[in-house]
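Source file upload_4.csv; content: CSV, C-alpha atoms.
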```csv
chain,number,residue,atom,x,y,z
A,22,MET,CA,0.0,0.0,0.0
A,23,PRO,CA,1.4,3.5,-0.9
A,24,GLU,CA,1.9,6.1,1.8
A,25,PRO,CA,-1.0,8.6,2.1
A,26,THR,CA,1.1,11.7,1.5
A,27,PRO,CA,-0.7,15.0,0.7
A,28,LEU,CA,0.7,14.8,-2.8
A,29,ARG,CA,-0.7,11.2,-3.4
A,30,LEU,CA,-4.0,12.3,-2.0
A,31,LYS,CA,-4.2,15.3,-4.3
A,32,GLN,CA,-3.3,13.1,-7.3
A,33,LEU,CA,-6.0,10.6,-6.3
A,34,ILE,CA,-8.6,13.4,-5.9
A,35,ILE,CA,-7.7,14.8,-9.3
A,36,ALA,CA,-7.9,11.3,-10.9
A,37,THR,CA,-11.1,10.3,-9.1
A,38,LEU,CA,-13.1,13.5,-9.9
A,39,LYS,CA,-11.5,13.9,-13.3
A,40,LEU,CA,-10.4,17.5,-12.6
A,41,GLU,CA,-8.9,18.2,-16.0
A,42,GLY,CA,-6.3,21.0,-16.0
A,43,THR,CA,-5.9,20.8,-12.2
A,44,GLN,CA,-2.4,20.2,-10.8
A,45,PRO,CA,-1.8,18.8,-7.3
A,46,GLU,CA,-0.2,22.2,-6.3
A,47,ASP,CA,-3.6,23.9,-7.1
A,48,ILE,CA,-5.2,22.1,-4.2
A,49,PRO,CA,-4.1,23.7,-0.9
A,50,ASP,CA,-3.4,21.4,2.0
A,51,ASP,CA,-5.6,23.1,4.5
A,52,GLU,CA,-8.5,24.4,2.4
A,53,PRO,CA,-11.9,22.7,3.1
A,54,LEU,CA,-12.4,20.1,0.4
A,55,ILE,CA,-16.2,20.1,0.6
A,56,GLY,CA,-18.1,23.3,-0.1
A,57,SER,CA,-14.9,25.1,-1.2
A,58,PRO,CA,-15.9,27.9,-3.6
A,59,ARG,CA,-12.7,27.1,-5.6
A,60,PHE,CA,-13.6,23.5,-6.5
A,61,GLY,CA,-17.3,23.3,-5.6
A,62,PHE,CA,-17.0,19.7,-4.3
A,63,ASP,CA,-20.3,18.4,-3.0
A,64,SER,CA,-21.1,15.5,-0.8
A,65,ILE,CA,-21.3,13.0,-3.8
A,66,ASP,CA,-17.7,14.1,-4.6
A,67,ALA,CA,-16.8,13.5,-1.0
A,68,LEU,CA,-18.3,10.1,-1.2
A,69,GLU,CA,-16.3,9.3,-4.3
A,70,ILE,CA,-13.1,10.5,-2.7
A,71,ALA,CA,-13.9,8.4,0.4
A,72,LEU,CA,-14.4,5.3,-1.7
A,73,ALA,CA,-11.2,5.9,-3.8
A,74,VAL,CA,-9.2,6.5,-0.6
A,75,GLU,CA,-10.5,3.3,1.0
A,76,LYS,CA,-9.6,1.3,-2.1
A,77,GLN,CA,-6.2,2.8,-2.6
A,78,PHE,CA,-4.9,2.9,1.0
A,79,GLY,CA,-6.8,0.0,2.5
A,80,VAL,CA,-8.3,2.0,5.3
A,81,LYS,CA,-12.0,2.1,6.1
A,82,LEU,CA,-13.3,5.5,6.9
A,83,GLY,CA,-15.3,5.3,10.1
A,84,SER,CA,-18.7,6.8,11.1
A,85,SER,CA,-20.3,9.6,9.1
A,86,GLU,CA,-19.0,12.2,11.6
A,87,GLU,CA,-15.5,10.7,11.4
A,88,SER,CA,-15.6,10.6,7.6
A,89,ARG,CA,-16.6,14.3,7.5
A,90,GLN,CA,-13.7,15.2,9.8
A,91,ALA,CA,-11.3,13.2,7.8
A,92,LEU,CA,-12.4,14.8,4.6
A,93,ALA,CA,-12.1,18.3,6.0
A,94,SER,CA,-9.0,19.0,4.1
A,95,VAL,CA,-6.1,17.2,2.4
A,96,SER,CA,-4.0,17.6,5.6
A,97,ALA,CA,-6.8,16.3,7.8
A,98,LEU,CA,-7.2,13.3,5.4
A,99,ALA,CA,-3.5,12.5,5.4
A,100,ALA,CA,-3.3,12.7,9.2
A,101,TYR,CA,-6.4,10.5,9.6
A,102,LEU,CA,-5.0,7.9,7.2
A,103,ALA,CA,-1.6,7.9,8.8
A,104,LYS,CA,-3.2,7.4,12.2
A,105,GLN,CA,-5.4,4.6,11.0
A,106,ARG,CA,-2.5,2.8,9.4
A,107,GLY,CA,-0.6,3.1,12.7
B,8,MET,CA,-26.8,11.7,13.4
B,9,SER,CA,-26.5,15.1,15.1
B,10,ASP,CA,-29.2,17.7,15.1
B,11,ALA,CA,-28.0,20.4,12.7
B,12,ARG,CA,-31.1,22.5,12.6
B,13,PRO,CA,-34.3,23.1,14.6
B,14,MET,CA,-36.6,20.2,14.0
B,15,ARG,CA,-39.5,20.8,11.7
B,16,ARG,CA,-43.0,19.5,12.4
B,17,ASN,CA,-46.1,18.5,10.5
B,18,PRO,CA,-49.0,20.9,10.6
B,19,GLY,CA,-51.7,20.4,13.2
B,20,PRO,CA,-51.8,20.0,17.0
B,21,SER,CA,-49.6,17.5,18.8
B,22,TRP,CA,-52.7,15.4,19.7
B,23,GLY,CA,-54.0,15.5,16.1
B,24,TYR,CA,-52.9,12.0,15.0
B,25,GLY,CA,-54.1,10.4,18.3
B,26,PHE,CA,-57.5,12.1,18.0
B,27,LEU,CA,-57.9,11.1,14.4
B,28,LEU,CA,-57.0,7.5,15.2
B,29,TRP,CA,-59.5,7.4,18.1
B,30,ALA,CA,-62.3,9.1,16.1
B,31,GLU,CA,-61.8,6.9,13.0
B,32,ARG,CA,-62.0,3.9,15.2
B,33,TRP,CA,-65.0,4.7,17.3
B,34,TRP,CA,-67.2,7.2,15.4
B,35,PRO,CA,-69.5,5.9,12.8
B,36,ARG,CA,-68.4,6.5,9.2
B,37,TRP,CA,-71.3,8.9,8.6
B,38,VAL,CA,-70.0,11.1,11.4
B,39,PHE,CA,-66.3,10.7,10.9
B,40,ARG,CA,-66.1,11.5,7.2
B,41,PRO,CA,-68.0,14.8,7.4
B,42,ALA,CA,-65.9,15.7,10.4
B,43,LEU,CA,-62.7,14.9,8.4
B,44,MET,CA,-64.0,17.1,5.6
B,45,ALA,CA,-64.8,19.9,8.0
B,46,GLY,CA,-61.3,19.5,9.6
B,47,THR,CA,-59.8,19.6,6.1
B,48,TRP,CA,-61.6,22.9,5.4
B,49,ILE,CA,-60.1,24.3,8.7
B,50,GLY,CA,-56.6,23.2,7.6
B,51,PHE,CA,-57.2,24.5,4.1
B,52,TRP,CA,-58.0,28.0,5.3
B,53,GLY,CA,-55.3,27.9,8.0
B,54,MET,CA,-52.5,27.1,5.6
B,55,PRO,CA,-52.4,29.9,3.0
B,56,GLU,CA,-48.8,29.1,1.9
B,57,GLN,CA,-49.5,25.4,1.2
B,58,ARG,CA,-52.8,26.5,-0.5
B,59,ARG,CA,-50.9,28.9,-2.8
B,60,HIS,CA,-48.4,26.1,-3.8
B,61,SER,CA,-51.3,23.7,-4.4
B,62,ARG,CA,-53.0,26.3,-6.5
B,63,GLU,CA,-49.9,27.0,-8.6
B,64,PHE,CA,-49.3,23.2,-9.1
B,65,LEU,CA,-52.9,22.6,-10.1
B,66,ALA,CA,-52.8,25.5,-12.5
B,67,ILE,CA,-49.8,24.0,-14.3
B,68,VAL,CA,-51.4,20.5,-14.5
B,69,ARG,CA,-54.9,21.7,-15.5
B,70,GLY,CA,-53.8,24.6,-17.7
B,71,ARG,CA,-56.2,27.0,-15.9
B,72,ARG,CA,-56.7,28.4,-12.4
B,73,PRO,CA,-58.2,25.7,-10.3
B,74,THR,CA,-61.5,26.1,-8.5
B,75,VAL,CA,-61.5,26.4,-4.7
B,76,ARG,CA,-63.2,23.0,-4.6
B,77,GLU,CA,-60.3,21.5,-6.6
B,78,GLU,CA,-57.8,23.0,-4.2
B,79,TRP,CA,-59.8,21.7,-1.3
B,80,ARG,CA,-59.9,18.3,-3.0
B,81,HIS,CA,-56.1,18.3,-3.1
B,82,PHE,CA,-56.0,18.8,0.7
B,83,PHE,CA,-58.8,16.3,1.3
B,84,ALA,CA,-56.9,13.6,-0.7
B,85,PHE,CA,-54.0,14.2,1.6
B,86,ALA,CA,-56.3,13.8,4.7
B,87,GLU,CA,-57.7,10.6,3.2
B,88,PHE,CA,-54.2,9.3,2.6
B,89,LEU,CA,-53.2,10.2,6.2
B,90,MET,CA,-56.1,8.2,7.5
B,91,ARG,CA,-54.9,5.2,5.4
B,92,LYS,CA,-51.5,5.5,6.9
B,93,LEU,CA,-52.9,5.8,10.4
B,94,ARG,CA,-55.2,2.8,9.8
B,95,ALA,CA,-52.3,0.8,8.5
B,96,GLY,CA,-50.3,1.9,11.5
B,97,ARG,CA,-52.9,0.6,14.0
B,98,GLY,CA,-52.8,-2.8,12.4
B,99,ILE,CA,-55.2,-2.9,9.5
B,100,GLU,CA,-53.7,-4.9,6.7
B,101,VAL,CA,-52.8,-3.1,3.5
B,102,LYS,CA,-53.4,-5.1,0.3
B,103,CYS,CA,-50.8,-4.2,-2.4
B,104,VAL,CA,-51.8,-4.9,-6.0
B,105,LEU,CA,-48.9,-4.6,-8.3
B,106,LEU,CA,-50.0,-3.4,-11.8
B,107,PRO,CA,-48.9,-5.7,-14.6
B,108,GLU,CA,-46.5,-3.3,-16.4
B,109,HIS,CA,-42.9,-4.1,-15.3
B,110,ALA,CA,-44.3,-6.3,-12.5
B,111,ALA,CA,-42.3,-9.3,-13.4
B,112,GLU,CA,-39.0,-7.4,-13.5
B,113,PHE,CA,-39.8,-5.7,-10.2
B,114,THR,CA,-40.8,-9.0,-8.6
B,115,THR,CA,-37.7,-10.7,-9.8
B,116,LEU,CA,-35.5,-8.0,-8.2
B,117,ALA,CA,-37.6,-7.7,-5.0
B,118,ARG,CA,-37.4,-11.5,-4.5
B,119,SER,CA,-33.7,-11.7,-5.1
B,120,ALA,CA,-31.1,-11.3,-2.4
B,121,GLN,CA,-29.4,-8.5,-4.3
B,122,PRO,CA,-29.3,-5.2,-2.4
B,123,ALA,CA,-31.1,-2.5,-4.4
B,124,LEU,CA,-32.2,1.1,-4.3
B,125,PHE,CA,-35.9,1.7,-4.3
B,126,GLY,CA,-37.1,5.1,-5.4
B,127,THR,CA,-40.5,6.7,-4.9
B,128,PHE,CA,-42.2,10.1,-4.7
B,129,HIS,CA,-44.6,12.0,-2.5
B,130,PHE,CA,-47.4,10.7,-4.6
B,131,GLY,CA,-50.6,8.8,-3.6
B,132,CYS,CA,-50.1,6.0,-1.1
B,133,SER,CA,-46.4,5.6,-1.8
B,134,ASP,CA,-45.6,5.8,2.0
B,135,LEU,CA,-47.2,2.4,2.3
B,136,LEU,CA,-44.8,0.7,-0.1
B,137,GLY,CA,-42.9,-0.6,2.9
B,138,TYR,CA,-45.6,-3.2,3.1
B,139,LEU,CA,-44.9,-4.3,-0.5
B,140,LEU,CA,-41.2,-4.7,0.2
B,141,GLY,CA,-42.0,-6.5,3.4
B,142,GLU,CA,-44.1,-9.0,1.4
B,143,PHE,CA,-41.0,-9.9,-0.6
B,144,GLY,CA,-39.0,-10.4,2.6
B,145,ARG,CA,-36.7,-7.5,1.8
B,146,THR,CA,-34.7,-5.8,4.5
B,147,VAL,CA,-34.9,-2.1,3.6
B,148,SER,CA,-33.8,1.1,5.2
B,149,ILE,CA,-36.3,3.9,4.4
B,150,VAL,CA,-34.7,7.3,4.3
B,151,ARG,CA,-37.0,9.9,6.0
B,152,LEU,CA,-36.7,13.5,7.2
B,153,ARG,CA,-37.3,13.6,10.9
B,154,VAL,CA,-39.9,16.0,12.0
B,155,ASP,CA,-41.1,16.7,15.5
B,156,ASN,CA,-44.4,14.9,15.3
B,157,SER,CA,-43.6,11.8,13.1
B,158,ASP,CA,-46.2,9.6,14.8
B,159,ASP,CA,-47.7,8.5,11.5
B,160,THR,CA,-44.3,7.2,10.4
B,161,ARG,CA,-43.5,5.7,13.8
B,162,LEU,CA,-46.7,3.7,13.7
B,163,LEU,CA,-46.0,2.6,10.2
B,164,GLY,CA,-42.5,1.6,11.1
B,165,ALA,CA,-43.8,-0.6,13.9
B,166,ARG,CA,-46.2,-2.2,11.4
B,167,PHE,CA,-43.6,-2.8,8.7
B,168,GLY,CA,-41.8,-4.9,11.2
B,169,ALA,CA,-38.2,-6.0,11.6
B,170,ARG,CA,-37.4,-6.1,7.9
B,171,THR,CA,-37.8,-2.3,7.4
B,172,SER,CA,-36.2,0.4,9.4
B,173,PHE,CA,-36.1,4.1,9.1
B,174,LEU,CA,-32.9,6.0,8.4
B,175,TRP,CA,-33.8,9.4,9.9
B,176,VAL,CA,-32.3,12.4,8.3
B,177,ASN,CA,-31.5,15.1,10.8
B,178,ASP,CA,-28.3,16.4,9.3
B,179,PRO,CA,-28.0,16.4,5.5
B,180,ALA,CA,-24.2,16.7,5.7
B,181,ASN,CA,-24.0,13.3,7.2
B,182,LEU,CA,-26.7,11.7,5.1
B,183,LEU,CA,-24.5,10.3,2.3
B,184,PHE,CA,-22.1,8.7,4.7
B,185,GLU,CA,-25.0,7.0,6.5
B,186,LEU,CA,-26.2,5.7,3.1
B,187,LYS,CA,-22.7,4.5,2.4
B,188,ALA,CA,-22.6,2.6,5.6
B,189,THR,CA,-26.0,1.0,4.8
B,190,LEU,CA,-25.0,0.1,1.3
B,191,GLU,CA,-21.6,-1.3,2.2
B,192,GLY,CA,-23.4,-3.4,4.9
B,193,GLY,CA,-25.4,-5.1,2.1
B,194,GLY,CA,-28.6,-3.2,2.9
B,195,SER,CA,-31.2,-1.9,0.5
B,196,LEU,CA,-32.4,1.7,0.6
B,197,ALA,CA,-35.7,3.3,-0.2
B,198,LEU,CA,-35.7,7.0,-0.8
B,199,LYS,CA,-38.1,9.6,-2.2
B,200,CYS,CA,-36.7,11.5,-5.2
B,201,ASP,CA,-38.9,14.5,-5.8
B,202,ARG,CA,-38.0,17.1,-3.2
B,203,LEU,CA,-34.7,18.9,-3.5
B,204,GLU,CA,-34.2,19.8,0.1
B,205,PHE,CA,-31.6,17.0,1.0
B,206,SER,CA,-30.5,16.1,-2.4
B,207,ALA,CA,-26.8,16.1,-3.0
B,208,ARG,CA,-27.2,16.3,-6.8
B,209,ALA,CA,-30.1,17.4,-8.9
B,210,GLU,CA,-30.5,17.4,-12.7
B,211,PRO,CA,-33.1,18.8,-15.0
B,212,PHE,CA,-35.7,16.5,-16.5
B,213,GLU,CA,-38.8,17.0,-18.6
B,214,PHE,CA,-41.8,17.2,-16.2
B,215,LEU,CA,-45.1,19.0,-16.5
B,216,GLY,CA,-44.1,21.1,-19.5
B,217,ALA,CA,-40.7,22.2,-18.5
B,218,ARG,CA,-37.2,21.0,-17.7
B,219,ARG,CA,-37.3,20.8,-13.9
B,220,LEU,CA,-34.7,19.9,-11.3
B,221,PHE,CA,-35.1,16.5,-9.6
B,222,PRO,CA,-32.9,14.8,-7.2
B,223,PHE,CA,-30.5,12.4,-9.0
B,224,THR,CA,-28.5,11.2,-6.1
B,225,ILE,CA,-30.1,7.7,-6.2
B,226,TYR,CA,-28.4,7.0,-9.5
B,227,HIS,CA,-25.0,8.3,-8.3
B,228,LEU,CA,-25.3,5.8,-5.4
B,229,ALA,CA,-26.3,3.1,-7.9
B,230,VAL,CA,-23.3,3.7,-10.0
B,231,LEU,CA,-20.8,4.1,-7.1
B,232,PHE,CA,-22.0,1.0,-5.3
B,233,ASP,CA,-23.1,-1.0,-8.4
B,234,ARG,CA,-26.7,-1.4,-7.2
B,235,PRO,CA,-29.9,-1.7,-9.3
B,236,VAL,CA,-32.5,1.0,-9.1
B,237,VAL,CA,-36.2,0.6,-9.4
B,238,PHE,CA,-39.0,3.1,-8.8
B,239,CYS,CA,-42.5,2.4,-7.7
B,240,PHE,CA,-45.4,4.6,-6.6
B,241,ALA,CA,-48.9,3.8,-5.4
B,242,ARG,CA,-52.4,5.2,-5.7
B,243,PRO,CA,-55.5,4.2,-3.7
B,244,GLY,CA,-57.0,0.9,-4.7
B,245,SER,CA,-60.7,0.1,-5.1
B,246,ASP,CA,-60.8,-1.3,-1.6
B,247,GLU,CA,-60.3,1.2,1.3
B,248,ASP,CA,-57.2,-0.6,2.5
B,249,ALA,CA,-55.8,-1.6,-0.9
B,250,ILE,CA,-53.2,0.2,-2.9
B,251,GLU,CA,-52.3,-0.1,-6.6
B,252,VAL,CA,-48.5,-0.1,-7.2
B,253,GLN,CA,-46.9,0.9,-10.5
B,254,ALA,CA,-43.3,-0.2,-10.9
B,255,SER,CA,-40.7,1.1,-13.3
B,256,PRO,CA,-38.2,-1.0,-15.3
B,257,VAL,CA,-35.1,-1.9,-13.4
B,258,PHE,CA,-31.9,0.2,-14.0
B,259,ARG,CA,-28.7,-1.8,-13.6
B,260,PRO,CA,-25.3,-0.1,-13.9
B,261,GLN,CA,-23.0,-1.8,-16.4
B,262,PRO,CA,-19.7,-2.5,-14.6
B,263,GLY,CA,-17.6,-2.2,-17.7
B,264,ALA,CA,-19.3,0.9,-19.2
B,265,GLY,CA,-17.7,3.6,-17.1
B,266,ARG,CA,-19.3,6.2,-14.8
B,267,GLU,CA,-20.3,8.7,-17.4
B,268,ALA,CA,-22.0,6.1,-19.7
B,269,ASN,CA,-23.8,4.7,-16.8
B,270,LEU,CA,-25.0,8.1,-15.6
B,271,GLN,CA,-26.2,8.9,-19.1
B,272,ALA,CA,-28.2,5.6,-19.2
B,273,ALA,CA,-29.5,6.5,-15.8
B,274,ARG,CA,-30.8,9.9,-17.1
B,275,GLY,CA,-32.8,8.1,-19.8
B,276,HIS,CA,-34.2,5.7,-17.1
B,277,PHE,CA,-35.2,8.5,-14.8
B,278,GLN,CA,-36.8,10.4,-17.6
B,279,GLY,CA,-38.9,7.4,-18.3
B,280,VAL,CA,-39.9,7.1,-14.7
B,281,LEU,CA,-40.8,10.8,-14.6
B,282,ALA,CA,-42.9,10.4,-17.7
B,283,ALA,CA,-44.9,7.6,-16.0
B,284,LEU,CA,-45.2,9.8,-12.9
B,285,GLU,CA,-46.4,12.7,-15.0
B,286,ALA,CA,-49.1,10.6,-16.6
B,287,ALA,CA,-50.3,9.5,-13.1
B,288,VAL,CA,-50.2,13.1,-11.9
B,289,ARG,CA,-52.2,14.3,-14.8
B,290,ARG,CA,-54.8,11.6,-14.2
B,291,GLU,CA,-55.1,12.4,-10.5
B,292,PRO,CA,-53.4,15.7,-9.7
B,293,GLU,CA,-54.8,15.7,-6.2
B,294,LEU,CA,-52.5,12.8,-5.3
B,295,TRP,CA,-49.3,14.9,-5.7
B,296,PHE,CA,-48.6,15.5,-2.0
B,297,ASN,CA,-46.0,18.2,-2.3
B,298,PHE,CA,-47.6,21.3,-0.9
B,299,LEU,CA,-44.3,23.1,-1.8
B,300,PRO,CA,-43.2,25.1,-4.8
B,301,LEU,CA,-43.1,22.7,-7.8
B,302,ASN,CA,-39.6,21.6,-8.8
B,303,PRO,CA,-37.9,24.6,-10.3
B,304,ALA,CA,-37.7,24.9,-14.1
B,305,VAL,CA,-34.2,25.5,-15.6
B,306,ALA,CA,-33.2,27.0,-19.0
B,307,ASP,CA,-32.4,24.5,-21.7
B,308,GLY,CA,-28.9,23.2,-21.4
B,309,ALA,CA,-28.4,24.3,-17.9
B,310,GLU,CA,-26.9,21.7,-15.6
B,311,GLY,CA,-28.3,21.4,-12.2
B,312,ARG,CA,-26.2,20.7,-9.1
B,313,ALA,CA,-28.2,21.2,-6.0
```
Entire entry expressed as C-alpha cells:
Amino acid sequence: MPEPTPLRLKQLIIATLKLEGTQPEDIPDDEPLIGSPRFGFDSIDALEIALAVEKQFGVKLGSSEESRQALASVSALAAYLAKQRG
Amino acid sequence: MSDARPMRRNPGPSWGYGFLLWAERWWPRWVFRPALMAGTWIGFWGMPEQRRHSREFLAIVRGRRPTVREEWRHFFAFAEFLMRKLRAGRGIEVKCVLLPEHAAEFTTLARSAQPALFGTFHFGCSDLLGYLLGEFGRTVSIVRLRVDNSDDTRLLGARFGARTSFLWVNDPANLLFELKATLEGGGSLALKCDRLEFSARAEPFEFLGARRLFPFTIYHLAVLFDRPVVFCFARPGSDEDAIEVQASPVFRPQPGAGREANLQAARGHFQGVLAALEAAVRREPELWFNFLPLNPAVADGAEGRA
C-alpha cells in the first residue's frame, strides 16, 4: 500500500473527480475540500473521494462524523489515514 | 446523526394523530367522514402558503386556475391518505396490488437477495410501499426526514416490522455517509426522489411542461455501489385498505461501461420514470402530496447541481 502523503491524496482526488487541468499544487493542503468555492466539491464528490481513498490505501473511513472530519482538508485526510495505518 | 437545525413539524396540533385514530375507530363513518371534511376545510383555510403552492401546481397541471373545490380536494386527498396511513399503523392490513406493467421485472428483483435502491415520490399511497417490500421479505432502510411529530411514520415503522427500518435524516451533511454505511453493509435503501431539500445532486428532466430539477442522487449511489434502481409509486386501490402499485423498469449499472456512460443511461431511465409519474399526476393531480413550490424549471442546457 502506498503512503497517504498529501501529494498522493491530491493526485487521487484529481484522478477520481477527473479534474482536468488541475495540478496537485492547485489544491491547498488546508482548504476545506467540501463546499470550497474554488472547487465546488459536494457530498457526492466527498463520497467518491472516500471510496477511492479506502480502495487505494486499504483504510476504512469510520462513522459519518469521522468521515466528515477526515475529509475536512487534504492535511486532515493525510493525518487520519496515517493514524489509522498506525 | 446530530441535530443540525431546529426540528420541523407536520402541521396540526400534537394530539391530532391520536385524536384522528380514536375518532376513526369509534365514530360511525357517517359522522367521521363529514368531520374529516370539516377538519380539512379548517386546515385548508389555515395554511395559506400550502394553498398557494397547491393552486400553482394545479394550475400547471390543468392549464387554468383551479377552483376552490379542486384546491380543497387536493387537501382532502391528503387527509384521506393520512387516514390510510394511520389505519395501517394501527394494524389494518394493506393489500398491495402490483400493476402488470414491469411487475415481473420488479418482482424478480424484489425477491432476489441482491441489495437494491428503491425510489419513490410523495405521490398517492407511496408511503405504504414498505408493506410491499416486506411481502418480498426484503430488508430495507427507508430514508425519512425527521420531523417533531412523526407519529404516523413511527406507527407505520412498527407495522412494517423488523425487515424495514427508518434512516432518519437530521443532518443532511452526514446523510450520504449514512447511506454509504448501509449500502456497504449489504442493505437496501428506499428514498423519495422528488424534493430537492436534502439532495446532493439534482439534474433537469422534462416534467409538467418544463425542464425541472429533480434529485438524481439515487443514480449516483447506484453507479458508485453497483446497485440496481427501481422506482414504484402507489395510488389508492378500489378497496379502502388496498393500494395499486406501479413499478418502473429496473436500471442496472453496467460495470464495464464507465461512470459517465452509466449516468447517461440513468438519465434516460429516470426520464422514463418521470414520464410515468407525470401521466399519473395528470390523471389524478390531487395525489401529488408536495404542498411546496413545484420543482424549479431551468433553462435549456443548464446543468443542475443542488
Which neighbours of stretch 87-96 of chain A fall inside 8 Å, counting only C-alpha atoms, when residues of the same chain fewer than 6 positions from it are skipped, and could you give them as a ChimeraX atom specification?
/A:27,30-31,49-55,67,71 /B:181,184
Find the residues in chain B near chain A: any atom within 8 Å counts, using only C-alpha atoms. Write them as number ranges by chain.
B: 180-185, 187-188, 207-208, 224, 227, 231
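Atom CA of B:Phe128 lies 15.8 Å from atom CA of B:Ser148.
Atom CA of B:Glu293 is positioned 8.9 Å from atom CA of B:Ser61.
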Between atom CA of B:Ala42 and atom CA of B:Trp79, what is the distance in Å, rounded to a tenth?
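Between atom CA of B:Ala42 and atom CA of B:Trp79 the gap works out to 14.5 Å.
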Find the residues near B:Arg242: any atom within 10 Å, counting all atoms listed in the file, skip ones fewer than 2 places away on the same chain, and give them as number ranges by chain.
B: 88, 130-133, 135, 240, 244-245, 249-253, 287, 291, 294
Non-local contacts of stretch 272-282 of chain B (9 Å; all atoms listed in the file; under 3 positions in same chain excluded) as JSON, numbers by chain
{"B": [210, 212, 213, 214, 215, 223, 226, 227, 230, 238, 239, 254, 255, 256, 257, 258, 259, 260, 267, 268, 269, 285, 286, 287]}
Can you write out the residues you just picked, keeping C-alpha atoms, as a short mmCIF file (atom, residue, chain, number, x, y, z; two decimals), keeping the file's coordinate frame?
```cif
data_model
loop_
_atom_site.label_atom_id
_atom_site.label_comp_id
_atom_site.auth_asym_id
_atom_site.auth_seq_id
_atom_site.Cartn_x
_atom_site.Cartn_y
_atom_site.Cartn_z
CA GLU B 210 -30.50 17.40 -12.70
CA PHE B 212 -35.70 16.50 -16.50
CA GLU B 213 -38.80 17.00 -18.60
CA PHE B 214 -41.80 17.20 -16.20
CA LEU B 215 -45.10 19.00 -16.50
CA PHE B 223 -30.50 12.40 -9.00
CA TYR B 226 -28.40 7.00 -9.50
CA HIS B 227 -25.00 8.30 -8.30
CA VAL B 230 -23.30 3.70 -10.00
CA PHE B 238 -39.00 3.10 -8.80
CA CYS B 239 -42.50 2.40 -7.70
CA ALA B 254 -43.30 -0.20 -10.90
CA SER B 255 -40.70 1.10 -13.30
CA PRO B 256 -38.20 -1.00 -15.30
CA VAL B 257 -35.10 -1.90 -13.40
CA PHE B 258 -31.90 0.20 -14.00
CA ARG B 259 -28.70 -1.80 -13.60
CA PRO B 260 -25.30 -0.10 -13.90
CA GLU B 267 -20.30 8.70 -17.40
CA ALA B 268 -22.00 6.10 -19.70
CA ASN B 269 -23.80 4.70 -16.80
CA GLU B 285 -46.40 12.70 -15.00
CA ALA B 286 -49.10 10.60 -16.60
CA ALA B 287 -50.30 9.50 -13.10
#
```
Quick one: everything within 8 Å of A:Ile70, counting only C-alpha atoms, minus sequence neighbours fewer than 3 positions away in the same chain. Send it as a list in words.
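That gives Leu33, Ile34, Thr37, Leu38, Asp66, Ala67, Ala73 and Val74 of chain A.
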File dump, residues just selected, C-alpha atoms, as an mmCIF file, in the coordinates of the input:
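Output saved as again37.cif:
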```cif
data_model
loop_
_atom_site.group_PDB
_atom_site.id
_atom_site.type_symbol
_atom_site.label_atom_id
_atom_site.label_comp_id
_atom_site.auth_asym_id
_atom_site.auth_seq_id
_atom_site.Cartn_x
_atom_site.Cartn_y
_atom_site.Cartn_z
ATOM 1 C CA LEU A 33 -6.000 10.600 -6.300
ATOM 2 C CA ILE A 34 -8.600 13.400 -5.900
ATOM 3 C CA THR A 37 -11.100 10.300 -9.100
ATOM 4 C CA LEU A 38 -13.100 13.500 -9.900
ATOM 5 C CA ASP A 66 -17.700 14.100 -4.600
ATOM 6 C CA ALA A 67 -16.800 13.500 -1.000
ATOM 7 C CA ALA A 73 -11.200 5.900 -3.800
ATOM 8 C CA VAL A 74 -9.200 6.500 -0.600
#
```
So that I can see what lies close to A:Val80, please list as a PyMOL selection string the residues with an atom at most 8 Å from it, counting all atoms listed in the file and leaving out residues fewer than 3 positions away in the same chain.
chain A and resi 74-76+102+105-106
With all atoms listed in the file as the atoms that count, which of A:Gln77, A:Ala97, A:Gly42, A:Ala36 lies nearest to A:Glu24?
A:Gln77
Please determine the residues with any atom at most 12 Å from (-43.1, -0.2, 3.1) (coordinates as given in the file, with all atoms listed in the file counting) and report them as a count of residues only.
49
Would you mind putting N, CA and C atoms back on stretch 91-100 of chain B and writing the result as a short mmCIF file (atom, residue, chain, number, x, y, z; two decimals), in the frame of the given file?
```cif
data_model
loop_
_atom_site.label_atom_id
_atom_site.label_comp_id
_atom_site.auth_asym_id
_atom_site.auth_seq_id
_atom_site.Cartn_x
_atom_site.Cartn_y
_atom_site.Cartn_z
N ARG B 91 -55.40 6.53 5.79
CA ARG B 91 -54.90 5.20 5.40
C ARG B 91 -53.66 4.83 6.12
N LYS B 92 -52.77 5.81 6.22
CA LYS B 92 -51.50 5.50 6.90
C LYS B 92 -51.77 5.21 8.39
N LEU B 93 -52.64 6.01 9.01
CA LEU B 93 -52.90 5.80 10.40
C LEU B 93 -53.62 4.45 10.64
N ARG B 94 -54.54 4.10 9.72
CA ARG B 94 -55.20 2.80 9.80
C ARG B 94 -54.21 1.66 9.69
N ALA B 95 -53.32 1.83 8.71
CA ALA B 95 -52.30 0.80 8.50
C ALA B 95 -51.41 0.72 9.77
N GLY B 96 -51.11 1.90 10.33
CA GLY B 96 -50.30 1.90 11.50
C GLY B 96 -50.90 1.26 12.72
N ARG B 97 -52.23 1.29 12.80
CA ARG B 97 -52.90 0.60 14.00
C ARG B 97 -53.19 -0.82 13.67
N GLY B 98 -52.74 -1.34 12.54
CA GLY B 98 -52.80 -2.80 12.40
C GLY B 98 -53.65 -3.31 11.26
N ILE B 99 -54.37 -2.41 10.56
CA ILE B 99 -55.20 -2.90 9.50
C ILE B 99 -54.35 -3.23 8.27
N GLU B 100 -54.53 -4.43 7.76
CA GLU B 100 -53.70 -4.90 6.70
C GLU B 100 -53.84 -4.11 5.41
#
```
